[in-house]
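Asks: Structure supplied as work_13.txt; contents: compact mmCIF, C-alpha atoms and all ligand atoms.
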```txt
# COMPACT_ATOMS: atom_id res chain seq x y z
CA MET A 569 10.15 5.98 -23.21
CA LYS A 570 8.20 8.50 -21.14
CA LEU A 571 9.28 10.40 -18.03
CA SER A 572 6.12 9.25 -16.23
CA TYR A 573 7.46 5.66 -16.34
CA LEU A 574 9.72 6.74 -13.43
CA TRP A 575 6.80 7.10 -10.99
CA LYS A 576 4.05 5.13 -12.73
CA GLY A 577 6.09 2.20 -14.00
CA LEU A 578 5.66 0.68 -17.43
CA PRO A 579 2.42 -0.53 -18.99
CA GLY A 580 2.01 -4.02 -17.50
CA HIS A 581 4.58 -3.29 -14.77
CA PRO A 582 3.16 -0.58 -12.49
CA ILE A 583 5.32 0.48 -9.52
CA HIS A 584 2.59 0.80 -6.88
CA PRO A 585 1.70 -2.95 -6.52
CA PRO A 586 5.21 -4.25 -5.61
CA LEU A 587 5.60 -1.40 -3.12
CA THR A 588 2.27 -2.35 -1.55
CA ASP A 589 3.65 -5.84 -0.94
CA ALA A 590 6.60 -4.41 1.02
CA THR A 591 4.34 -2.02 2.93
CA ILE A 592 1.70 -4.58 3.87
CA GLY A 593 4.48 -7.08 4.69
CA ALA A 594 6.14 -4.69 7.14
CA TYR A 595 2.85 -3.78 8.87
CA THR A 596 1.83 -7.46 9.02
CA ALA A 597 5.17 -8.35 10.62
CA GLY A 598 4.58 -5.52 13.10
CA MET A 599 1.10 -6.80 13.91
CA VAL A 600 2.35 -10.37 14.45
CA MET A 601 5.17 -9.17 16.73
CA ALA A 602 2.80 -6.94 18.71
CA VAL A 603 0.59 -9.96 19.42
CA ALA A 604 3.68 -12.05 20.26
CA SER A 605 4.84 -9.43 22.75
CA VAL A 606 1.42 -8.98 24.35
CA ILE A 607 0.90 -12.74 24.88
CA GLY A 608 4.45 -13.07 26.22
CA VAL A 609 6.22 -14.86 23.34
CA ALA A 610 9.74 -13.45 22.98
CA HIS A 611 8.47 -10.46 24.94
CA THR A 612 11.32 -7.96 24.57
CA ALA A 613 12.54 -9.01 21.12
CA ALA A 614 8.97 -8.98 19.78
CA ALA A 615 8.34 -5.48 21.17
CA GLU A 616 11.50 -4.16 19.54
CA GLY A 617 10.64 -5.93 16.28
CA TRP A 618 7.07 -4.53 16.37
CA TRP A 619 8.26 -0.92 16.62
CA LEU A 620 10.98 -1.28 14.00
CA ALA A 621 8.61 -3.04 11.58
CA LEU A 622 6.10 -0.20 11.89
CA VAL A 623 8.85 2.37 11.25
CA VAL A 624 9.95 0.47 8.14
CA GLY A 625 6.29 0.28 7.06
CA LEU A 626 5.89 4.04 7.47
CA LEU A 627 9.06 4.77 5.49
CA VAL A 628 7.99 2.53 2.59
CA THR A 629 4.46 3.97 2.77
CA SER A 630 5.74 7.35 1.58
CA LEU A 631 6.80 5.80 -1.76
CA THR A 632 3.75 3.54 -1.91
CA ALA A 633 1.34 6.44 -1.37
CA LEU A 634 3.11 8.66 -3.92
CA THR A 635 3.03 6.00 -6.66
CA GLY A 636 -0.63 5.29 -5.81
CA LEU A 637 -1.36 9.01 -6.02
CA ALA A 638 0.27 9.20 -9.46
CA ASP A 639 -2.15 6.54 -10.72
CA TRP A 640 -5.16 7.92 -8.81
CA LEU A 641 -4.72 11.32 -10.48
CA THR A 642 -5.24 9.70 -13.89
CA ILE A 643 -8.71 8.33 -12.98
CA GLU A 644 -11.80 10.12 -14.26
CA TRP A 645 -13.11 12.21 -11.36
CA GLY A 646 -16.39 10.88 -9.90
CA SER A 647 -16.40 7.64 -11.96
CA PRO A 648 -17.19 4.31 -10.18
CA LEU A 649 -13.48 3.42 -10.40
CA TRP A 650 -12.60 6.80 -8.85
CA TRP A 651 -14.92 6.13 -5.90
CA THR A 652 -13.45 2.69 -5.21
CA ALA A 653 -9.90 4.07 -5.52
CA THR A 654 -10.77 7.04 -3.30
CA TRP A 655 -12.17 4.80 -0.54
CA HIS A 656 -8.95 2.78 -0.92
CA LEU A 657 -6.89 5.98 -0.56
CA LEU A 658 -8.86 7.12 2.53
CA SER A 659 -8.61 3.71 4.18
CA MET A 660 -4.85 3.54 3.60
CA LEU A 661 -4.26 7.07 4.87
CA THR A 662 -6.32 6.27 7.99
CA ALA A 663 -4.29 3.09 8.53
CA THR A 664 -1.08 5.10 8.13
CA GLY A 665 -2.30 7.63 10.72
CA PHE A 666 -2.95 4.88 13.29
CA PHE A 667 0.47 3.28 12.66
CA LEU A 668 2.17 6.66 12.95
CA VAL A 669 0.53 7.45 16.28
CA ALA A 670 1.32 3.88 17.49
CA VAL A 671 5.01 4.50 16.71
CA LEU A 672 5.02 7.87 18.46
CA VAL A 673 3.21 6.83 21.64
CA GLY A 674 4.83 3.37 21.62
CA HIS A 675 8.44 4.53 21.63
CA SER A 676 8.76 4.12 25.41
CA GLY A 677 7.46 0.54 25.07
CA TYR A 678 10.12 -0.10 22.43
CA LYS A 679 12.81 1.14 24.83
CA HIS A 680 11.48 -0.96 27.72
CA GLY A 681 10.80 -4.05 25.60
CA ALA A 682 7.00 -4.18 25.99
CA VAL A 683 4.09 -3.22 23.73
CA GLU A 684 1.73 -1.18 25.93
CA SER A 685 -2.07 -1.30 25.64
CA LEU A 686 -2.68 1.95 23.74
CA PRO A 687 -0.06 1.39 21.00
CA PHE A 688 -1.25 -2.20 20.68
CA ILE A 689 -4.85 -1.06 20.10
CA LEU A 690 -3.66 1.60 17.64
CA THR A 691 -1.69 -1.07 15.74
CA LEU A 692 -4.71 -3.36 15.69
CA VAL A 693 -7.08 -0.63 14.41
CA GLY A 694 -4.47 0.41 11.81
CA PHE A 695 -4.25 -3.19 10.66
CA VAL A 696 -8.04 -3.39 10.25
CA PHE A 697 -7.99 -0.27 8.03
CA LEU A 698 -5.00 -1.72 6.12
CA THR A 699 -6.96 -4.91 5.45
CA VAL A 700 -10.05 -2.99 4.29
CA GLY A 701 -7.82 -0.77 2.12
CA GLY A 702 -6.11 -3.83 0.64
CA TRP A 703 -9.51 -5.31 -0.23
CA LEU A 704 -10.50 -2.04 -1.94
CA GLY A 705 -7.14 -1.86 -3.77
CA GLY A 706 -7.78 -5.41 -4.99
CA ALA A 707 -11.20 -4.28 -6.27
CA VAL A 708 -9.56 -1.39 -8.16
CA VAL A 709 -7.32 -3.84 -9.99
CA PHE A 710 -9.23 -7.12 -10.20
CA VAL A 711 -12.81 -5.79 -10.51
CA HIS A 712 -12.36 -2.47 -12.33
CA GLY A 713 -9.27 -3.76 -14.16
CA MET A 714 -7.12 -0.68 -13.61
CA ARG A 715 -3.61 -1.07 -15.09
CA VAL A 716 -4.43 -4.60 -16.21
CA LEU A 717 -3.41 -5.31 -19.83
CA ASN A 718 -5.09 -8.72 -20.10
CA LEU A 719 -2.84 -9.76 -23.00
CA THR A 720 -3.60 -13.46 -22.59
CA GLY A 721 -1.80 -14.40 -25.81
CA GLU A 722 1.38 -12.47 -24.99
CA PRO A 723 4.47 -14.77 -25.22
CA PRO A 724 6.14 -15.19 -21.78
CA GLY A 725 9.34 -13.50 -22.96
CA ARG A 726 7.46 -10.31 -23.82
CA ALA A 727 5.11 -10.57 -20.85
CA VAL A 728 7.96 -10.51 -18.31
CA SER A 729 10.31 -8.15 -20.13
CA PRO A 730 10.50 -4.53 -19.01
CA VAL A 731 9.34 -3.16 -22.36
CA PRO A 732 6.20 -1.14 -22.87
CA HIS A 733 3.25 -2.82 -24.54
CA PRO A 734 2.42 -0.07 -27.04
CA GLU A 735 -0.81 -1.76 -28.14
CA LYS A 736 -2.21 -1.12 -24.66
CA GLU A 737 -0.64 2.19 -23.74
CA MET A 738 -3.59 4.14 -25.13
CA ALA A 739 -6.03 2.09 -23.05
CA GLU A 740 -3.96 2.85 -19.94
CA GLY A 741 -4.05 6.54 -20.69
CA GLY A 742 -0.32 6.40 -21.26
C1 LIG A 801 -0.18 2.24 2.79
C2 LIG A 801 -0.40 2.69 1.57
C3 LIG A 801 -1.03 1.84 0.48
C4 LIG A 801 -1.09 0.48 0.36
C5 LIG A 801 -0.53 -0.59 1.29
C6 LIG A 801 -1.80 0.19 -0.87
C7 LIG A 801 -2.14 -1.07 -1.33
C8 LIG A 801 -2.70 -1.35 -2.56
C9 LIG A 801 -3.02 -2.66 -3.06
C10 LIG A 801 -2.82 -3.96 -2.29
C11 LIG A 801 -3.50 -2.50 -4.31
C12 LIG A 801 -3.95 -3.62 -5.24
C13 LIG A 801 -2.80 -3.97 -6.14
C14 LIG A 801 -2.20 -5.28 -5.78
O1 LIG A 801 -2.95 -6.23 -5.44
O2 LIG A 801 -0.95 -5.37 -5.80
C15 LIG A 801 -3.51 -1.10 -4.62
C16 LIG A 801 -3.90 -0.55 -5.82
C17 LIG A 801 -4.02 0.80 -6.05
N1 LIG A 801 -3.80 1.82 -5.14
FE1 LIG A 801 -2.98 1.61 -3.32
N2 LIG A 801 -2.12 1.40 -1.47
C18 LIG A 801 -1.69 2.41 -0.66
C19 LIG A 801 -1.86 3.77 -0.86
C20 LIG A 801 -2.50 4.32 -1.94
C21 LIG A 801 -2.78 5.72 -2.11
C22 LIG A 801 -2.46 6.81 -1.07
C23 LIG A 801 -3.40 5.86 -3.32
C24 LIG A 801 -3.93 7.08 -4.01
C25 LIG A 801 -3.62 8.31 -3.70
C26 LIG A 801 -3.50 4.54 -3.92
C27 LIG A 801 -4.02 4.27 -5.17
C28 LIG A 801 -4.06 3.02 -5.75
C29 LIG A 801 -4.44 2.76 -7.14
C30 LIG A 801 -4.80 3.83 -8.17
C31 LIG A 801 -4.40 1.38 -7.32
C32 LIG A 801 -4.70 0.62 -8.63
C33 LIG A 801 -3.41 -0.10 -9.16
C34 LIG A 801 -2.33 0.83 -9.57
O3 LIG A 801 -2.65 1.90 -10.06
O4 LIG A 801 -1.16 0.50 -9.41
N3 LIG A 801 -2.95 3.63 -3.04
N4 LIG A 801 -3.01 -0.40 -3.53
```
Could you rewrite the structure in this file as structure tokens?
Replies:
Amino acid sequence: MKLSYLWKGLPGHPIHPPLTDATIGAYTAGMVMAVASVIGVAHTAAAEGWWLALVVGLLVTSLTALTGLADWLTIEWGSPLWWTATWHLLSMLTATGFFLVAVLVGHSGYKHGAVESLPFILTLVGFVFLTVGGWLGGAVVFVHGMRVLNLTGEPPGRAVSPVPHPEKEMAEGG
């Protein structure tokens, strides 16, 4: 067992991907509720839900970004994988900035039960960057193959168990 498993996860079970699901889920819920509020569906409840979902997204983002950073630091500087991962990083940090400003300037809308124009636009732009960043993150994993073990013959019991796969730890730089 290595100490780095605490922030990187195990070979075959990285920590960043499940956190990204929670982060993107919270921001997506926020986006949906912002639209619902603006078009007048459950106006007040949707506005409150929008703001709270963005706050939850921001809180989870701190862990998501740190675990992503731990993996990003292991990539060879200037390599094609590094460039894709760095564009992913920049896109996600930009998205986070837009969501953060939306939460700050949208607090009065939360209190009055309405998503105002500026925070709505900030949420929308943040969501566009989140989508682009998600696409780039997908490329890091599914095109470059980062943190993918590809043990197609691994028995299901070993594939799902939280044990390291020593035969692939070297390849992962572990
Ligand atoms: C809002 C914050 C972030 C979100 C929502 C996010 C989302 C994602 C997604 C969707 C993937 C593809 C994996 C999958 O499909 O589950 C991914 C992979 C990755 N991301 Fe992020 N990311 C975020 C922040 C960051 C940051 C700040 C960095 C670097 C400093 C980073 C580095 C990586 C790396 C290296 C991978 C490759 C897979 C891994 O190492 O676990 N991410 N990210």
Asks: Quick one: of A:Thr635, A:Thr642, A:Asn718, A:Thr664, who's nearest to Thr699 in chain A, counting all atoms listed in the file?
Replies: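 Distance minimum relative to Thr699 in chain A lands on A:Thr664.
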Asks: Around ligand LIG 801 (chain A), out to 6 Å and counting all atoms listed in the file, which residues are there? I want them as a PyMOL selection string.
Replies: chain A and resi 582+584-585+588+591-592+629+632-633+636-637+639-640+653+657+660+702+705-706+708-709+714-715
Asks: For Tyr678 in chain A, which of A:Ala614, A:Ala590, A:Leu571, A:Val600 is the closest residue, counting all atoms listed in the file?
Replies: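 When distances to Tyr678 in chain A are compared using all atoms listed in the file, the smallest one comes from A:Ala614.
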Asks: Interatomic distance between CA of His581 in chain A and CA of Gly625 in chain A?
Replies: 22.2 Å
Asks: State, in Å with one decimal place, the distance from CA of Leu627 in chain A to CA of Leu641 in chain A.
Replies: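 Spanning CA of Leu627 in chain A to CA of Leu641 in chain A is a straight-line distance of 22.1 Å.
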Asks: What does the distance between CA of Trp575 in chain A and CA of Ser630 in chain A come to in Å, to one decimal place?
Replies: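 About the pair CA of Trp575 in chain A and CA of Ser630 in chain A: they are 12.6 Å apart.
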Asks: Of the candidates A:Leu719, A:Ala615, A:Leu578, A:Val606, which one gets nearest to His680 in chain A if we count only C-alpha atoms?
Replies: A:Ala615
Asks: Within 12 Å of Ala727 in chain A, counting all atoms listed in the file, which residues qualify if same-chain residues fewer than 4 places away don't, as a list of chain:residue names?
Replies: A:Leu578, A:Pro579, A:Gly580, A:His581, A:Leu717, A:Asn718, A:Leu719, A:Thr720, A:Gly721, A:Glu722, A:Pro723, A:Val731, A:Pro732, A:His733
Asks: Leaving out Val673 in chain A and any residue of its chain fewer than 6 positions from it, which residues lie within 12 Å of it when counting only C-alpha atoms, given as JSON, numbers by chain?
Replies: {"A": [619, 666, 667, 679, 683, 684, 685, 686, 687, 688, 689, 690, 691]}
Asks: Just the residues within 12 Å of Ala707 in chain A, please, counting only C-alpha atoms, with nothing from its chain fewer than 5 positions along; format it as a list in words.
Replies: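 Contacts, in chain order: Pro648, Leu649, Trp650, Trp651, Thr652, Ala653, Thr654, Trp655, His656, Val700, Gly701, Gly702, His712, Gly713 and Met714 of chain A.
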Asks: Would you mind telling me which residue in A:Pro586, A:Gly665, A:Gly674, A:Gly681 lies nearest to Val609 in chain A when using only C-alpha atoms?
Replies: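 The shortest atom-to-atom distance to Val609 in chain A comes from A:Gly681.
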Asks: When you count all atoms listed in the file, which of these residues is closest to Met601 in chain A: A:Met569, A:Ala682, A:Leu634, A:Leu587?
Replies: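 The answer is A:Ala682, which sits nearest to Met601 in chain A.
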Asks: Tell me which of A:Leu661, A:Ser729, A:Lys570, A:Ser676 sits closest to Glu616 in chain A, counting all atoms listed in the file.
Replies: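 Ranking A:Leu661, A:Ser729, A:Lys570, A:Ser676 by distance to Glu616 in chain A, first place goes to A:Ser676.
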Asks: Near range 593-597 of chain A, counting only C-alpha atoms, which residues have an atom at most 7 Å away, once you skip same-chain residues fewer than 6 positions from it, shown as a ChimeraX atom specification?
Replies: /A:621-622,624-625
